[in-house]
Every structure is written in C-alpha cells, then in structure tokens.
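S.K.: For reference, the file entry.pdb (PDB, C-alpha atoms) is included below:
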ATOM      1  CA  MET A 638     159.281 -11.358-162.218  1.00  0.00           C
ATOM      2  CA  ASN A 639     160.274  -7.726-161.655  1.00  0.00           C
ATOM      3  CA  GLY A 640     156.705  -6.792-162.547  1.00  0.00           C
ATOM      4  CA  ILE A 641     155.314  -9.183-159.944  1.00  0.00           C
ATOM      5  CA  ALA A 642     157.593  -7.636-157.320  1.00  0.00           C
ATOM      6  CA  ASP A 643     156.325  -4.167-158.213  1.00  0.00           C
ATOM      7  CA  LYS A 644     152.711  -5.276-158.412  1.00  0.00           C
ATOM      8  CA  TYR A 645     152.630  -6.659-154.877  1.00  0.00           C
ATOM      9  CA  ALA A 646     155.173  -4.532-153.009  1.00  0.00           C
ATOM     10  CA  ALA A 647     152.416  -2.414-151.451  1.00  0.00           C
ATOM     11  CA  ASP A 648     150.737  -5.596-150.195  1.00  0.00           C
ATOM     12  CA  ASN A 649     153.712  -6.387-147.974  1.00  0.00           C
ATOM     13  CA  VAL A 650     155.138  -8.955-150.398  1.00  0.00           C
ATOM     14  CA  GLY A 651     158.922  -8.980-150.622  1.00  0.00           C
ATOM     15  CA  SER A 652     160.874 -10.281-153.570  1.00  0.00           C
ATOM     16  CA  ILE A 653     164.532 -11.126-154.110  1.00  0.00           C
ATOM     17  CA  PHE A 654     166.756 -12.779-156.708  1.00  0.00           C
ATOM     18  CA  LEU A 655     169.084 -15.337-155.157  1.00  0.00           C
ATOM     19  CA  TYR A 656     172.304 -15.767-157.170  1.00  0.00           C
ATOM     20  CA  THR A 657     173.483 -19.365-157.592  1.00  0.00           C
ATOM     21  CA  ASN A 658     176.078 -21.104-159.778  1.00  0.00           C
ATOM     22  CA  GLU A 659     176.345 -20.517-163.519  1.00  0.00           C
ATOM     23  CA  ALA A 660     174.048 -23.009-165.240  1.00  0.00           C
ATOM     24  CA  HIS A 661     175.419 -22.424-168.751  1.00  0.00           C
ATOM     25  CA  PRO A 662     178.967 -21.095-168.410  1.00  0.00           C
ATOM     26  CA  GLY A 663     180.792 -19.950-171.503  1.00  0.00           C
ATOM     27  CA  GLU A 664     183.804 -18.008-172.698  1.00  0.00           C
ATOM     28  CA  ILE A 665     182.279 -14.646-171.734  1.00  0.00           C
ATOM     29  CA  MET A 666     180.609 -15.747-168.474  1.00  0.00           C
ATOM     30  CA  PRO A 667     182.849 -18.514-167.124  1.00  0.00           C
ATOM     31  CA  PRO A 668     182.142 -20.757-164.125  1.00  0.00           C
ATOM     32  CA  LEU A 669     182.537 -19.152-160.718  1.00  0.00           C
ATOM     33  CA  LEU A 670     185.886 -19.503-158.963  1.00  0.00           C
ATOM     34  CA  SER A 671     185.554 -16.902-156.203  1.00  0.00           C
ATOM     35  CA  MET A 672     183.005 -14.794-154.316  1.00  0.00           C
ATOM     36  CA  GLU A 673     184.510 -11.670-155.897  1.00  0.00           C
ATOM     37  CA  GLN A 674     183.643 -13.062-159.299  1.00  0.00           C
ATOM     38  CA  LYS A 675     180.171 -14.021-158.076  1.00  0.00           C
ATOM     39  CA  PHE A 676     179.573 -10.400-157.028  1.00  0.00           C
ATOM     40  CA  GLU A 677     180.719  -9.235-160.487  1.00  0.00           C
ATOM     41  CA  HIS A 678     178.378 -11.642-162.268  1.00  0.00           C
ATOM     42  CA  ALA A 679     175.453 -10.624-160.053  1.00  0.00           C
ATOM     43  CA  LEU A 680     175.943  -6.966-160.919  1.00  0.00           C
ATOM     44  CA  LYS A 681     176.117  -7.858-164.620  1.00  0.00           C
ATOM     45  CA  LEU A 682     172.823  -9.666-164.211  1.00  0.00           C
ATOM     46  CA  ARG A 683     171.354  -6.507-162.691  1.00  0.00           C
ATOM     47  CA  ASP A 684     172.732  -4.246-165.408  1.00  0.00           C
ATOM     48  CA  ILE A 685     172.267  -6.380-168.522  1.00  0.00           C
ATOM     49  CA  TYR A 686     169.031  -8.202-167.679  1.00  0.00           C
ATOM     50  CA  GLY A 687     167.573  -5.308-165.694  1.00  0.00           C
ATOM     51  CA  VAL A 688     166.829  -7.145-162.467  1.00  0.00           C
ATOM     52  CA  THR A 689     165.347  -4.502-160.181  1.00  0.00           C
ATOM     53  CA  ARG A 690     164.758  -6.742-157.185  1.00  0.00           C
ATOM     54  CA  PRO A 691     167.449  -6.995-154.489  1.00  0.00           C
ATOM     55  CA  ILE A 692     170.020  -9.574-155.597  1.00  0.00           C
ATOM     56  CA  MET A 693     171.406 -11.762-152.819  1.00  0.00           C
ATOM     57  CA  LEU A 694     174.355 -14.091-153.220  1.00  0.00           C
ATOM     58  CA  ASP A 695     174.511 -17.633-151.966  1.00  0.00           C
ATOM     59  CA  SER A 696     177.901 -18.904-150.750  1.00  0.00           C
ATOM     60  CA  LEU A 697     180.357 -20.065-153.421  1.00  0.00           C
ATOM     61  CA  ASP A 698     179.602 -23.708-152.659  1.00  0.00           C
ATOM     62  CA  GLY A 699     175.865 -23.086-153.101  1.00  0.00           C
ATOM     63  CA  ALA A 700     174.863 -24.272-149.633  1.00  0.00           C
ATOM     64  CA  CYS A 701     171.425 -22.668-149.804  1.00  0.00           C
ATOM     65  CA  HIS A 702     170.809 -23.473-153.464  1.00  0.00           C
ATOM     66  CA  ARG A 703     171.773 -27.125-152.990  1.00  0.00           C
ATOM     67  CA  ARG A 704     169.572 -27.551-149.915  1.00  0.00           C
ATOM     68  CA  TYR A 705     166.594 -26.181-151.830  1.00  0.00           C
ATOM     69  CA  GLY A 706     167.043 -28.581-154.732  1.00  0.00           C
ATOM     70  CA  SER A 707     169.664 -26.940-156.983  1.00  0.00           C
ATOM     71  CA  MET A 708     167.339 -26.253-159.905  1.00  0.00           C
ATOM     72  CA  PRO A 709     168.699 -23.500-162.142  1.00  0.00           C
ATOM     73  CA  ASN A 710     165.708 -21.145-162.061  1.00  0.00           C
ATOM     74  CA  MET A 711     163.214 -22.181-159.385  1.00  0.00           C
ATOM     75  CA  THR A 712     160.932 -19.961-157.297  1.00  0.00           C
ATOM     76  CA  TRP A 713     159.912 -20.346-153.684  1.00  0.00           C
ATOM     77  CA  ILE A 714     157.432 -18.318-151.632  1.00  0.00           C
ATOM     78  CA  PHE A 715     157.838 -18.134-147.846  1.00  0.00           C
ATOM     79  CA  ASN A 716     155.521 -16.760-145.226  1.00  0.00           C
ATOM     80  CA  ARG A 717     156.840 -14.512-142.467  1.00  0.00           C
ATOM     81  CA  SER A 718     157.501 -17.496-140.213  1.00  0.00           C
ATOM     82  CA  GLY A 719     159.819 -19.134-142.715  1.00  0.00           C
ATOM     83  CA  ILE A 720     157.361 -21.750-143.882  1.00  0.00           C
ATOM     84  CA  PRO A 721     157.571 -22.424-147.616  1.00  0.00           C
ATOM     85  CA  ILE A 722     154.054 -22.262-149.057  1.00  0.00           C
ATOM     86  CA  TYR A 723     154.892 -22.509-152.771  1.00  0.00           C
ATOM     87  CA  LYS A 724     157.763 -24.016-154.692  1.00  0.00           C
ATOM     88  CA  SER A 725     158.184 -24.434-158.407  1.00  0.00           C
ATOM     89  CA  ASP A 726     161.034 -26.125-160.233  1.00  0.00           C
ATOM     90  CA  TRP A 727     160.944 -23.356-162.835  1.00  0.00           C
ATOM     91  CA  SER A 728     160.160 -19.645-162.531  1.00  0.00           C
ATOM     92  CA  ASP A 729     157.103 -18.278-164.248  1.00  0.00           C
ATOM     93  CA  ALA A 730     155.580 -14.892-163.515  1.00  0.00           C
ATOM     94  CA  ASN A 731     152.023 -16.031-164.266  1.00  0.00           C
ATOM     95  CA  SER A 732     152.311 -18.910-161.841  1.00  0.00           C
ATOM     96  CA  VAL A 733     153.786 -16.734-159.098  1.00  0.00           C
ATOM     97  CA  ASP A 734     151.189 -14.023-159.721  1.00  0.00           C
ATOM     98  CA  ASN A 735     148.427 -16.597-159.377  1.00  0.00           C
ATOM     99  CA  ALA A 736     149.916 -17.941-156.154  1.00  0.00           C
ATOM    100  CA  ILE A 737     150.460 -14.556-154.507  1.00  0.00           C
ATOM    101  CA  ALA A 738     146.933 -13.424-155.357  1.00  0.00           C
ATOM    102  CA  TYR A 739     145.638 -16.578-153.683  1.00  0.00           C
ATOM    103  CA  TYR A 740     147.777 -16.129-150.550  1.00  0.00           C
ATOM    104  CA  LEU A 741     146.820 -12.482-150.182  1.00  0.00           C
ATOM    105  CA  ASP A 742     143.212 -13.598-150.293  1.00  0.00           C
ATOM    106  CA  VAL A 743     144.000 -16.144-147.582  1.00  0.00           C
ATOM    107  CA  ALA A 744     145.375 -13.322-145.434  1.00  0.00           C
ATOM    108  CA  THR A 745     142.206 -11.334-146.004  1.00  0.00           C
ATOM    109  CA  ARG A 746     140.017 -14.297-145.101  1.00  0.00           C
ATOM    110  CA  ARG A 747     141.989 -14.784-141.883  1.00  0.00           C
ATOM    111  CA  ARG A 748     141.548 -11.127-140.999  1.00  0.00           C
ATOM    112  CA  ASN A 749     137.835 -11.705-141.527  1.00  0.00           C
ATOM    113  CA  LYS A 750     138.007 -14.455-138.881  1.00  0.00           C
ATOM    114  CA  GLU A 751     137.604 -17.425-141.205  1.00  0.00           C
ATOM    115  CA  ARG A 752     139.127 -20.558-139.684  1.00  0.00           C
ATOM    116  CA  LEU A 753     141.514 -21.933-142.281  1.00  0.00           C
ATOM    117  CA  ALA A 754     143.617 -25.089-142.250  1.00  0.00           C
ATOM    118  CA  PRO A 755     146.456 -25.765-144.722  1.00  0.00           C
ATOM    119  CA  PHE A 756     146.458 -28.677-147.120  1.00  0.00           C
ATOM    120  CA  LYS A 757     148.799 -29.700-149.912  1.00  0.00           C
ATOM    121  CA  VAL A 758     148.082 -29.355-153.628  1.00  0.00           C
ATOM    122  CA  GLU A 759     150.037 -30.658-156.609  1.00  0.00           C
ATOM    123  CA  ARG A 760     149.390 -29.253-160.059  1.00  0.00           C
ATOM    124  CA  LEU A 761     151.192 -28.615-163.326  1.00  0.00           C
ATOM    125  CA  ASP A 762     151.559 -25.012-164.383  1.00  0.00           C
ATOM    126  CA  TYR A 763     152.515 -23.903-167.896  1.00  0.00           C
ATOM    127  CA  ARG A 764     155.113 -21.381-168.969  1.00  0.00           C
ATOM    128  CA  ASN A 765     156.031 -19.701-172.223  1.00  0.00           C
ATOM    129  CA  GLN A 766     158.992 -21.166-174.075  1.00  0.00           C
ATOM    130  CA  ASP A 767     160.757 -18.404-175.983  1.00  0.00           C
ATOM    131  CA  GLN A 768     163.527 -20.366-177.697  1.00  0.00           C
ATOM    132  CA  GLU A 769     164.841 -17.333-179.573  1.00  0.00           C
ATOM    133  CA  GLN A 770     165.293 -15.345-176.380  1.00  0.00           C
ATOM    134  CA  PHE A 771     166.776 -18.338-174.593  1.00  0.00           C
ATOM    135  CA  TYR A 772     169.419 -18.915-177.263  1.00  0.00           C
ATOM    136  CA  ALA A 773     170.200 -15.189-177.311  1.00  0.00           C
ATOM    137  CA  GLY A 774     170.882 -15.496-173.594  1.00  0.00           C
ATOM    138  CA  LEU A 775     173.151 -18.482-174.127  1.00  0.00           C
ATOM    139  CA  ALA A 776     175.074 -16.552-176.782  1.00  0.00           C
ATOM    140  CA  ARG A 777     175.720 -13.785-174.230  1.00  0.00           C
ATOM    141  CA  ASN A 778     177.530 -16.379-172.100  1.00  0.00           C
ATOM    142  CA  GLY A 779     179.784 -17.373-174.996  1.00  0.00           C
ATOM    143  CA  PRO A 780     179.556 -19.630-178.064  1.00  0.00           C
ATOM    144  CA  ARG A 781     180.445 -22.707-176.042  1.00  0.00           C
ATOM    145  CA  ALA A 782     177.259 -22.305-173.970  1.00  0.00           C
ATOM    146  CA  VAL A 783     175.152 -22.550-177.136  1.00  0.00           C
ATOM    147  CA  THR A 784     177.000 -25.597-178.426  1.00  0.00           C
ATOM    148  CA  GLU A 785     176.875 -27.426-175.104  1.00  0.00           C
ATOM    149  CA  PHE A 786     173.137 -26.835-174.698  1.00  0.00           C
ATOM    150  CA  ARG A 787     172.440 -28.115-178.229  1.00  0.00           C
ATOM    151  CA  ASP A 788     174.571 -31.176-177.578  1.00  0.00           C
ATOM    152  CA  ALA A 789     172.910 -31.903-174.231  1.00  0.00           C
ATOM    153  CA  PHE A 790     169.355 -32.133-175.607  1.00  0.00           C
TER     154      PHE A 790
ATOM    155  CA  MET B1276     180.763 -29.296-148.870  1.00  0.00           C
ATOM    156  CA  THR B1277     183.996 -27.343-148.565  1.00  0.00           C
ATOM    157  CA  ASP B1278     186.811 -29.042-150.447  1.00  0.00           C
ATOM    158  CA  GLN B1279     187.987 -27.755-153.779  1.00  0.00           C
ATOM    159  CA  THR B1280     186.766 -30.744-155.750  1.00  0.00           C
ATOM    160  CA  ASP B1281     183.183 -30.274-154.575  1.00  0.00           C
ATOM    161  CA  LEU B1282     183.350 -26.537-155.200  1.00  0.00           C
ATOM    162  CA  GLU B1283     184.422 -27.254-158.774  1.00  0.00           C
ATOM    163  CA  LYS B1284     181.699 -29.858-159.197  1.00  0.00           C
ATOM    164  CA  TYR B1285     179.021 -27.366-158.145  1.00  0.00           C
ATOM    165  CA  ASN B1286     180.551 -24.574-160.238  1.00  0.00           C
ATOM    166  CA  TYR B1287     181.008 -26.890-163.234  1.00  0.00           C
ATOM    167  CA  ASP B1288     182.743 -25.591-166.338  1.00  0.00           C
ATOM    168  CA  LYS B1289     180.751 -27.467-168.984  1.00  0.00           C
ATOM    169  CA  PHE B1290     176.999 -27.926-169.387  1.00  0.00           C
ATOM    170  CA  VAL B1291     177.037 -31.675-169.911  1.00  0.00           C
ATOM    171  CA  PRO B1292     174.607 -34.110-168.241  1.00  0.00           C
ATOM    172  CA  GLU B1293     177.252 -35.703-166.021  1.00  0.00           C
ATOM    173  CA  ASN B1294     177.949 -32.248-164.557  1.00  0.00           C
ATOM    174  CA  PHE B1295     174.468 -30.775-164.136  1.00  0.00           C
ATOM    175  CA  MET B1296     172.181 -33.782-163.664  1.00  0.00           C
ATOM    176  CA  PRO B1297     173.518 -34.730-160.193  1.00  0.00           C
ATOM    177  CA  TRP B1298     172.415 -31.302-158.936  1.00  0.00           C
ATOM    178  CA  MET B1299     168.780 -31.569-160.090  1.00  0.00           C
ATOM    179  CA  ARG B1300     167.353 -32.566-156.708  1.00  0.00           C
ATOM    180  CA  PHE B1301     164.063 -30.730-156.476  1.00  0.00           C
ATOM    181  CA  ASP B1302     162.396 -33.893-155.168  1.00  0.00           C
ATOM    182  CA  GLU B1303     164.732 -33.775-152.164  1.00  0.00           C
ATOM    183  CA  SER B1304     164.030 -30.108-151.375  1.00  0.00           C
ATOM    184  CA  PRO B1305     162.324 -28.933-148.157  1.00  0.00           C
ATOM    185  CA  ASN B1306     158.655 -29.750-147.739  1.00  0.00           C
ATOM    186  CA  LEU B1307     155.922 -27.180-147.979  1.00  0.00           C
ATOM    187  CA  GLY B1308     154.372 -26.371-144.630  1.00  0.00           C
ATOM    188  CA  GLU B1309     157.484 -27.199-142.605  1.00  0.00           C
ATOM    189  CA  GLN B1310     160.085 -24.834-141.209  1.00  0.00           C
ATOM    190  CA  ALA B1311     162.554 -23.971-143.950  1.00  0.00           C
ATOM    191  CA  PRO B1312     166.338 -24.166-143.481  1.00  0.00           C
ATOM    192  CA  ASP B1313     168.150 -20.874-143.070  1.00  0.00           C
ATOM    193  CA  PHE B1314     171.387 -19.808-144.746  1.00  0.00           C
ATOM    194  CA  PRO B1315     173.630 -16.742-144.835  1.00  0.00           C
ATOM    195  CA  LEU B1316     173.358 -14.585-147.947  1.00  0.00           C
ATOM    196  CA  TRP B1317     175.220 -11.516-149.182  1.00  0.00           C
ATOM    197  CA  HIS B1318     173.759  -8.403-150.773  1.00  0.00           C
ATOM    198  CA  ALA B1319     175.150  -8.017-154.303  1.00  0.00           C
ATOM    199  CA  GLU B1320     175.439  -4.252-154.144  1.00  0.00           C
ATOM    200  CA  THR B1321     176.736  -3.679-150.634  1.00  0.00           C
ATOM    201  CA  GLY B1322     178.376  -6.985-149.746  1.00  0.00           C
ATOM    202  CA  GLU B1323     176.470  -6.864-146.477  1.00  0.00           C
ATOM    203  CA  GLU B1324     175.785 -10.270-144.948  1.00  0.00           C
ATOM    204  CA  THR B1325     172.209 -11.158-144.145  1.00  0.00           C
ATOM    205  CA  SER B1326     170.240 -14.394-144.019  1.00  0.00           C
ATOM    206  CA  LEU B1327     167.320 -16.007-145.739  1.00  0.00           C
ATOM    207  CA  SER B1328     165.403 -15.854-142.450  1.00  0.00           C
ATOM    208  CA  ALA B1329     165.994 -12.109-142.115  1.00  0.00           C
ATOM    209  CA  ILE B1330     164.574 -11.715-145.606  1.00  0.00           C
ATOM    210  CA  TRP B1331     161.502 -13.896-145.188  1.00  0.00           C
ATOM    211  CA  SER B1332     160.663 -12.340-141.811  1.00  0.00           C
ATOM    212  CA  ALA B1333     160.546  -8.818-143.275  1.00  0.00           C
ATOM    213  CA  ASN B1334     157.276  -9.247-145.177  1.00  0.00           C
ATOM    214  CA  LEU B1335     153.954 -11.055-145.066  1.00  0.00           C
ATOM    215  CA  TYR B1336     155.150 -13.175-148.003  1.00  0.00           C
ATOM    216  CA  THR B1337     158.514 -13.293-149.767  1.00  0.00           C
ATOM    217  CA  ILE B1338     159.176 -14.462-153.316  1.00  0.00           C
ATOM    218  CA  VAL B1339     162.645 -15.949-153.850  1.00  0.00           C
ATOM    219  CA  GLU B1340     163.760 -16.577-157.416  1.00  0.00           C
ATOM    220  CA  PHE B1341     166.937 -18.647-157.720  1.00  0.00           C
ATOM    221  CA  GLY B1342     169.126 -18.165-160.771  1.00  0.00           C
ATOM    222  CA  SER B1343     172.213 -16.662-162.340  1.00  0.00           C
ATOM    223  CA  PHE B1344     173.347 -14.676-165.373  1.00  0.00           C
ATOM    224  CA  THR B1345     173.671 -17.839-167.393  1.00  0.00           C
TER     225      THR B1345
END
Using structure tokens, write down the structure from this file.

M.R.:
Amino acid sequence: MNGIADKYAADNVGSIFLYTNEAHPGEIMPPLLSMEQKFEHALKLRDIYGVTRPIMLDSLDGACHRRYGSMPNMTWIFNRSGIPIYKSDWSDANSVDNAIAYYLDVATRRRNKERLAPFKVERLDYRNQDQEQFYAGLARNGPRAVTEFRDAF
Amino acid sequence: MTDQTDLEKYNYDKFVPENFMPWMRFDESPNLGEQAPDFPLWHAETGEETSLSAIWSANLYTIVEFGSFT
C-alpha cells in the first residue's frame, strides 16, 4: 500500500493509515488501554512495518472505525467532497491500484467534457494469502496471538 | 460509546469469536455515493488533531487504510 501511495501522489491522490484497535493482541503488543499507548503502537507500526504514509489515530473507543464497519484491515477511497467511492472489507494493493487508475480516468474524462453519472458495482476481488508472513506477524504480537488465531479458525 | 466496559469490549484482550465477531459490521457501514461521516483523528507523529474531512478534502482522491500493528 505504500507503493500505491507513492505511485499516485503526483496525481493528487492522498493516502493515510488509520490506526484502530489491536485485532490480535498478545504479550508483546497488548490491547490498548490509553491514547498514549495507541500513539506508541502506531509509531512501532511505522518503524517495524515501514509504513511511510501518514498514520492517523482514531479515538480510543474507535468511533470512526466502528462507524465504518470495524473490519480489521479495510480500505476506503473518498473523493474531495467526502463521498466514499470505493470500500473493501480487506486491503489489497492490486485492488486499490485498479480502483485508483479507474477513478483517475474518470477525472480525465470529466475534464474532456464527458457527461458521466455514477452507478453502483459489486464484485469480488482476490488477494494473496501469505500464511507464513501472517503468522510471523502474529508472533511479533506475542505467542498468545498465534495460539488464539489457530484456535479461532 | 464512552463507558469503560464498552472501551474494553472494543479493545478486547483475547482474539476469540465472542470478542471480535460483534465488531464485524461492514454491511452496516456508510453507503457509497453518500456523504461520509466525519470524525476527529490525531497525527501519530505530532499528536496534532485533525479530521477525516480535512484529510479527504486535501486531494482529488484519498485512500484510507484501516488497521493496527496486530
């Protein structure tokens, strides 16, 4: 997702990471109890996972996250007026890349005076499942995070 | 949601279905094509308060990835 942010920054496309609750807390990365702790975890995310986009924190009670559906790693795209034009219940760079390329083309078509009307589309996109990397991430949170995930599914 | 019990429910301590499943409400999220709800947000590096609307209004399009370390 950092690569998508870089790829489209010059096209007037902004990109942020919005920090939520801890989906898989463990001994090393425990659940959040304060905003101070949330700031600490967000900076660890930046440093350990190399997130180069601006990281913004939701409130401790997750008011924004909850209103937008509370999924652990979803992506939304907004236009400048605050209209959501894309939402996915999981984040995938290929899907977002595809969507942004389409919307930039829409902007070009509008500049070329095409008369465009919105309509809704539903489709299934497909993402890579790197189990090894996922479990390595869980292990960074603490052994309990690995055990709980295995037990849950 | 402001009381301590709800805070603890959202920031659950164990990844077990009874804790995380109640929060999976993507089907109840805002509709595409309609004005999105705005919320205050805080910059991780500076602590400066901003808002989702300030962020989405700064560019032609804005990508917002939700997530956490874990």

S.K.: What do you get, as a PyMOL selection string, if you spell out every residue that the ChimeraX specification (/A :<6) & /B selects here?

M.R.: chain B and resi 1282+1286+1288+1290-1291+1298-1301+1304+1307-1311+1314+1316-1319+1331-1332+1334-1345

S.K.: When you draw a straight line from CA of Lys1289 in chain B to CA of Ala773 in chain A, how long is it in Å?

M.R.: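 Spanning CA of Lys1289 in chain B to CA of Ala773 in chain A is a straight-line distance of 18.2 Å.
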
S.K.: Rounded to one decimal place, report the CA of Thr1325 in chain B-CA of Asp643 in chain A distance in Å.

M.R.: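 Distance between the two atoms: 22.3 Å.
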
S.K.: Quick one: distance from CA of Thr689 in chain A to CA of Ala1333 in chain B in Å, one decimal?

M.R.: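 CA of Thr689 in chain A sits 18.1 Å away from CA of Ala1333 in chain B.
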
S.K.: For each of A:Asn749, A:Pro780, A:Ser732, A:Asp742, take the minimum atom-to-atom distance to Tyr763 in chain A, counting only C-alpha atoms, then give the residue where this is smallest.

M.R.: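 Ranking A:Asn749, A:Pro780, A:Ser732, A:Asp742 by distance to Tyr763 in chain A, first place goes to A:Ser732.
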
S.K.: On this structure, the PyMOL selection byres ((chain B and resi 1327) around 6) would catch which residues? List them as a count of residues only, sorted by chain and number.

M.R.: 6

S.K.: Around range 1312-1328 of chain B, with edges along x, y and z and 3 Å added on all six sides, what centre and edge lengths do you get, in Å to one decimal, as AutoDock Vina command-line options?

M.R.:
--center_x 171.9 --center_y -13.9 --center_z -148.4 --size_x 19.0 --size_y 26.5 --size_z 17.9
